[in-house]
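Below is work.cif, which holds mmCIF, C-alpha atoms.
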data_coords
#
loop_
_atom_site.label_atom_id
_atom_site.label_comp_id
_atom_site.auth_asym_id
_atom_site.auth_seq_id
_atom_site.Cartn_x
_atom_site.Cartn_y
_atom_site.Cartn_z
CA MET G 1156 -12.94 -5.27 13.52
CA SER G 1157 -14.60 -6.93 10.55
CA PHE G 1158 -12.75 -6.36 7.27
CA ASP G 1159 -14.68 -4.66 4.48
CA PRO G 1160 -12.94 -4.40 1.08
CA THR G 1161 -14.88 -1.23 0.30
CA SER G 1162 -13.26 0.46 3.33
CA LEU G 1163 -9.92 0.60 1.51
CA THR G 1164 -8.75 3.67 -0.37
CA TYR G 1165 -8.82 3.19 -4.14
CA ASP G 1166 -7.56 5.50 -6.88
CA GLU G 1167 -9.74 7.32 -9.45
CA ALA G 1168 -9.95 4.07 -11.42
CA GLY G 1169 -11.16 2.18 -8.33
CA LEU G 1170 -7.87 0.29 -7.97
CA LEU G 1171 -5.07 -0.16 -5.46
CA PRO G 1172 -1.70 -1.89 -5.82
CA CYS G 1173 -1.16 -5.33 -4.31
CA ILE G 1174 2.34 -6.71 -3.74
CA ALA G 1175 2.69 -10.49 -3.90
CA GLN G 1176 5.40 -11.95 -1.66
CA GLU G 1177 6.36 -15.62 -1.45
CA VAL G 1178 5.66 -16.56 2.15
CA GLU G 1179 8.47 -19.09 2.59
CA THR G 1180 11.36 -17.18 1.05
CA GLY G 1181 10.20 -13.56 1.44
CA GLU G 1182 10.87 -12.96 -2.24
CA VAL G 1183 8.81 -10.14 -3.75
CA LEU G 1184 7.22 -11.69 -6.83
CA MET G 1185 5.17 -8.99 -8.53
CA LEU G 1186 2.86 -6.05 -8.13
CA ALA G 1187 -0.57 -5.87 -9.72
CA TRP G 1188 -3.86 -4.09 -9.15
CA MET G 1189 -7.12 -4.94 -7.43
CA ASN G 1190 -10.53 -3.34 -7.18
CA ALA G 1191 -12.82 -3.98 -4.21
CA ALA G 1192 -14.44 -6.95 -5.92
CA ALA G 1193 -11.04 -8.53 -6.66
CA VAL G 1194 -10.06 -8.11 -3.00
CA ALA G 1195 -13.29 -9.82 -1.96
CA ARG G 1196 -12.80 -12.67 -4.46
CA THR G 1197 -9.21 -13.17 -3.33
CA LEU G 1198 -10.36 -13.61 0.26
CA GLU G 1199 -13.36 -15.78 -0.63
CA THR G 1200 -11.52 -18.13 -2.96
CA GLY G 1201 -8.00 -18.15 -1.50
CA ARG G 1202 -6.74 -17.64 -5.06
CA VAL G 1203 -5.13 -14.27 -5.62
CA THR G 1204 -7.32 -12.39 -8.10
CA TYR G 1205 -6.25 -9.10 -9.63
CA TRP G 1206 -8.00 -6.66 -11.93
CA SER G 1207 -6.36 -6.56 -15.33
CA ARG G 1208 -6.09 -2.94 -16.41
CA SER G 1209 -5.35 -3.92 -20.01
CA ARG G 1210 -8.21 -6.41 -20.32
CA GLN G 1211 -10.54 -4.61 -17.87
CA ALA G 1212 -11.46 -7.95 -16.37
CA PHE G 1213 -10.77 -10.11 -13.33
CA TRP G 1214 -7.42 -11.83 -13.55
CA VAL G 1215 -7.29 -14.99 -11.50
CA LYS G 1216 -3.53 -15.35 -11.39
CA GLY G 1217 -2.48 -18.62 -13.02
CA GLU G 1218 -5.94 -19.45 -14.40
CA THR G 1219 -4.42 -19.93 -17.85
CA SER G 1220 -0.81 -20.75 -17.03
CA GLY G 1221 -1.40 -22.85 -13.92
CA HIS G 1222 0.97 -20.56 -12.04
CA VAL G 1223 -1.54 -19.83 -9.33
CA GLN G 1224 -0.99 -17.87 -6.16
CA GLU G 1225 -2.50 -19.48 -3.09
CA LEU G 1226 -3.28 -16.78 -0.56
CA VAL G 1227 -1.73 -17.33 2.85
CA GLU G 1228 -2.48 -13.91 4.33
CA LEU G 1229 -3.60 -10.50 3.12
CA ARG G 1230 -2.22 -7.42 4.84
CA VAL G 1231 -3.29 -3.77 4.63
CA ASP G 1232 -0.94 -0.81 4.95
CA CYS G 1233 -1.28 2.16 7.31
CA ASP G 1234 -2.89 4.38 4.66
CA ARG G 1235 -5.22 1.58 3.54
CA ASP G 1236 -4.24 2.23 -0.07
CA CYS G 1237 -1.92 -0.71 -0.66
CA LEU G 1238 -2.06 -4.46 0.01
CA LEU G 1239 0.54 -7.12 0.66
CA ALA G 1240 -0.45 -10.67 -0.24
CA LEU G 1241 1.63 -13.45 1.30
CA VAL G 1242 1.33 -16.32 -1.15
CA ARG G 1243 2.46 -19.75 -2.15
CA GLN G 1244 3.38 -19.35 -5.81
CA ALA G 1245 3.10 -22.34 -8.13
CA GLY G 1246 5.81 -22.09 -10.80
CA PRO G 1247 7.14 -18.73 -11.97
CA ALA G 1248 5.16 -15.59 -11.09
CA CYS G 1249 6.37 -13.62 -14.12
CA HIS G 1250 4.90 -14.02 -17.59
CA THR G 1251 8.51 -14.22 -18.87
CA GLY G 1252 8.92 -17.50 -17.00
CA ARG G 1253 11.03 -16.01 -14.23
CA ARG G 1254 10.30 -16.63 -10.57
CA SER G 1255 9.85 -12.91 -9.92
CA CYS G 1256 9.03 -9.95 -12.15
CA PHE G 1257 11.90 -8.02 -10.53
CA TYR G 1258 14.70 -9.72 -12.45
CA THR G 1259 16.49 -6.56 -13.58
CA ALA G 1260 18.87 -4.83 -11.18
CA VAL G 1261 20.51 -1.44 -11.59
CA ARG G 1262 24.21 -1.90 -10.82
CA ASP G 1263 26.84 0.77 -11.41
CA GLY G 1264 24.45 2.60 -13.71
CA ASP G 1265 23.71 -0.41 -15.86
CA GLU G 1266 20.75 -2.75 -16.14
CA VAL G 1267 21.74 -6.29 -15.22
CA GLU G 1268 19.56 -9.38 -15.60
CA ILE G 1269 19.89 -11.30 -12.35
CA MET G 1270 17.42 -14.13 -12.92
CA ALA G 1271 16.93 -16.51 -15.83
CA PRO G 1272 13.63 -18.01 -16.95
CA GLU G 1273 12.90 -21.33 -15.28
CA ALA G 1274 13.32 -24.46 -17.36
CA MET W 471 22.67 -1.50 -20.98
CA SER W 472 22.89 1.86 -19.30
CA PHE W 473 19.94 2.61 -17.01
CA ASP W 474 17.89 5.70 -17.80
CA PRO W 475 15.15 6.65 -15.30
CA THR W 476 13.14 8.26 -18.09
CA SER W 477 12.94 4.88 -19.85
CA LEU W 478 10.53 3.59 -17.19
CA THR W 479 6.76 3.65 -17.63
CA TYR W 480 5.07 6.27 -15.47
CA ASP W 481 1.37 6.89 -14.93
CA GLU W 482 -0.54 10.00 -16.04
CA ALA W 483 0.84 11.83 -13.00
CA GLY W 484 4.39 10.88 -13.97
CA LEU W 485 4.72 8.42 -11.08
CA LEU W 486 5.36 4.73 -10.49
CA PRO W 487 5.14 2.67 -7.31
CA CYS W 488 8.30 1.65 -5.48
CA ILE W 489 8.27 -1.17 -2.92
CA ALA W 490 10.85 -0.91 -0.14
CA GLN W 491 12.11 -4.25 1.20
CA GLU W 492 14.57 -4.70 4.09
CA VAL W 493 17.51 -6.47 2.50
CA GLU W 494 18.54 -8.56 5.52
CA THR W 495 15.14 -9.87 6.62
CA GLY W 496 13.15 -9.68 3.38
CA GLU W 497 10.41 -7.80 5.20
CA VAL W 498 8.30 -5.57 2.95
CA LEU W 499 8.36 -2.18 4.65
CA MET W 500 6.23 0.17 2.58
CA LEU W 501 5.15 1.29 -0.86
CA ALA W 502 5.49 4.86 -2.07
CA TRP W 503 5.77 6.71 -5.36
CA MET W 504 8.60 8.07 -7.46
CA ASN W 505 8.88 10.24 -10.52
CA ALA W 506 11.89 10.03 -12.86
CA ALA W 507 13.77 12.70 -10.91
CA ALA W 508 13.20 10.85 -7.63
CA VAL W 509 14.53 7.65 -9.20
CA ALA W 510 17.62 9.53 -10.36
CA ARG W 511 18.16 11.13 -6.94
CA THR W 512 17.76 7.78 -5.20
CA LEU W 513 20.50 6.30 -7.34
CA GLU W 514 22.78 9.33 -7.11
CA THR W 515 22.52 9.79 -3.35
CA GLY W 516 21.99 6.23 -2.14
CA ARG W 517 19.15 7.59 0.00
CA VAL W 518 15.73 6.41 -1.07
CA THR W 519 13.82 9.47 -2.27
CA TYR W 520 10.13 9.35 -3.10
CA TRP W 521 7.75 11.91 -4.54
CA SER W 522 5.16 12.96 -1.98
CA ARG W 523 1.78 13.08 -3.71
CA SER W 524 0.24 15.03 -0.81
CA ARG W 525 3.02 17.62 -0.59
CA GLN W 526 3.94 17.52 -4.31
CA ALA W 527 7.61 17.58 -3.35
CA PHE W 528 10.58 15.26 -3.07
CA TRP W 529 10.44 13.13 0.04
CA VAL W 530 13.84 12.01 1.19
CA LYS W 531 12.72 9.19 3.44
CA GLY W 532 13.84 9.87 7.02
CA GLU W 533 15.02 13.41 6.35
CA THR W 534 12.90 14.65 9.26
CA SER W 535 12.55 11.50 11.39
CA GLY W 536 16.05 10.11 10.89
CA HIS W 537 14.46 6.86 9.72
CA VAL W 538 16.40 6.84 6.47
CA GLN W 539 16.48 4.12 3.87
CA GLU W 540 19.94 3.36 2.57
CA LEU W 541 19.64 1.95 -0.93
CA VAL W 542 21.32 -1.39 -1.41
CA GLU W 543 19.91 -2.20 -4.86
CA LEU W 544 17.17 -0.94 -7.12
CA ARG W 545 15.29 -3.43 -9.28
CA VAL W 546 12.90 -2.89 -12.19
CA ASP W 547 9.98 -5.16 -13.03
CA CYS W 548 9.22 -6.80 -16.38
CA ASP W 549 6.75 -4.10 -17.40
CA ARG W 550 9.11 -1.33 -16.27
CA ASP W 551 6.24 0.28 -14.34
CA CYS W 552 7.19 -0.74 -10.80
CA LEU W 553 10.38 -0.66 -8.73
CA LEU W 554 11.70 -2.73 -5.85
CA ALA W 555 14.22 -1.01 -3.58
CA LEU W 556 16.30 -3.27 -1.36
CA VAL W 557 17.20 -1.10 1.60
CA ARG W 558 18.74 -0.90 5.02
CA GLN W 559 16.07 0.80 7.10
CA ALA W 560 17.11 2.89 10.11
CA GLY W 561 14.40 2.63 12.77
CA PRO W 562 10.77 2.06 11.87
CA ALA W 563 9.70 2.60 8.25
CA CYS W 564 6.10 3.50 9.13
CA HIS W 565 5.07 6.94 10.34
CA THR W 566 3.11 5.15 13.11
CA GLY W 567 6.40 3.95 14.57
CA ARG W 568 6.01 0.40 13.35
CA ARG W 569 8.77 -1.44 11.51
CA SER W 570 6.54 -1.93 8.46
CA CYS W 571 3.45 -0.16 7.16
CA PHE W 572 1.80 -3.58 6.64
CA TYR W 573 0.91 -4.19 10.29
CA THR W 574 -2.74 -5.10 9.74
CA ALA W 575 -3.63 -8.64 8.70
CA VAL W 576 -6.99 -9.94 7.55
CA ARG W 577 -7.65 -13.13 9.51
CA ASP W 578 -10.98 -14.98 9.49
CA GLY W 579 -12.66 -11.89 8.10
CA ASP W 580 -11.34 -9.57 10.79
CA GLU W 581 -8.61 -6.95 10.83
CA VAL W 582 -5.89 -7.90 13.29
CA GLU W 583 -2.97 -5.72 14.32
CA ILE W 584 0.12 -7.91 14.14
CA MET W 585 2.87 -5.41 14.95
CA ALA W 586 3.22 -2.86 17.74
CA PRO W 587 4.98 0.49 17.47
CA GLU W 588 8.64 0.27 18.44
CA ALA W 589 9.61 1.68 21.82
#

Show this structure as structure tokens.
Amino acid sequence: MSFDPTSLTYDEAGLLPCIAQEVETGEVLMLAWMNAAAVARTLETGRVTYWSRSRQAFWVKGETSGHVQELVELRVDCDRDCLLALVRQAGPACHTGRRSCFYTAVRDGDEVEIMAPEA
Amino acid sequence: MSFDPTSLTYDEAGLLPCIAQEVETGEVLMLAWMNAAAVARTLETGRVTYWSRSRQAFWVKGETSGHVQELVELRVDCDRDCLLALVRQAGPACHTGRRSCFYTAVRDGDEVEIMAPEA
């Protein structure tokens, strides 16, 4: 079946969440949002492209920082309201300079930083 | 720093997305939603507990099916508006009987099923 980005289920703002996972290591890097046009651009260009809710604009990941996400494969979930992007991440995915945005763990009721910014 | 579920950033509906990842294999299993009380219950019980948007009720994953998610570690992202739950998943995570909800890949413009329901 041919894939049509407009066939996905978007929220009231026309967005759905997309999880980025590093294809080699399986590490979950980040979650951001896409509209149908961002999904289409991601597939057309092979560069993961989100929709920035704060800027209300396309967000080609790494366009400014160089920390691009090369799309390896896009996957759709059973409810068609969430995406998983398998990527090759150049440099850190997080704007704090860490490999992943999920660098804070909850351990014994406390927040623990488990990942330092890359050099 | 002590972790307080109410310190997270929730959307207008009081929810945030939580990604469940199998801790041993790194496989991304599903994404569902939590409110602050569901986050607290997940940590207290060690059983991943979402908020069902369709039923408007707590959803203790696997309570009916037996396909529970044992929490290994909860992680918070940099914006504090998304969670990553590292879990041990009993049986399939997806209601379709598949290990993961992300069983559809987009390949060469087509949707391809890459995972069969478990026996």

Could you work out an axis-aligned box for segment 1257-1274 of chain G, taking every atom the file lists and adding 3 Å on each side, and report centre and edge lengths in Å to one decimal, as lines of an AutoDock Vina configuration file?
center_x = 19.4
center_y = -10.9
center_z = -13.9
size_x = 20.9
size_y = 33.1
size_z = 12.8

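Atom CA of Tyr480 of chain W sits 26.7 Å away from atom CA of Pro1160 of chain G.
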
Q. Residues of chain G within 7 Å of chain W, using only C-alpha atoms, as an MDAnalysis selection string?
A. chainID G and resid 1156:1158 1181:1182 1228:1233 1256:1261 1264:1266

(Q) I'd like to see the residues matched by the PyMOL selection byres ((chain W and resi 541) around 6) on this file, and ideally I'd get them as JSON, numbers by chain. (A) {"W": [516, 517, 518, 540, 542, 543, 557]}

With C-alpha atoms retained, export the selected residues as an mmCIF file, in the frame of the given file.
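Generated output (out-v8.cif):
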data_model
loop_
_atom_site.group_PDB
_atom_site.id
_atom_site.type_symbol
_atom_site.label_atom_id
_atom_site.label_comp_id
_atom_site.auth_asym_id
_atom_site.auth_seq_id
_atom_site.Cartn_x
_atom_site.Cartn_y
_atom_site.Cartn_z
ATOM 1 C CA GLY W 516 21.990 6.230 -2.140
ATOM 2 C CA ARG W 517 19.150 7.590 0.000
ATOM 3 C CA VAL W 518 15.730 6.410 -1.070
ATOM 4 C CA GLU W 540 19.940 3.360 2.570
ATOM 5 C CA VAL W 542 21.320 -1.390 -1.410
ATOM 6 C CA GLU W 543 19.910 -2.200 -4.860
ATOM 7 C CA VAL W 557 17.200 -1.100 1.600
#

Q) Between G:Val1223, G:Ala1245, G:Ala1212, G:Ala1168, which one has atoms that come closest to Thr1200 of chain G, using all atoms listed in the file? A) G:Val1223
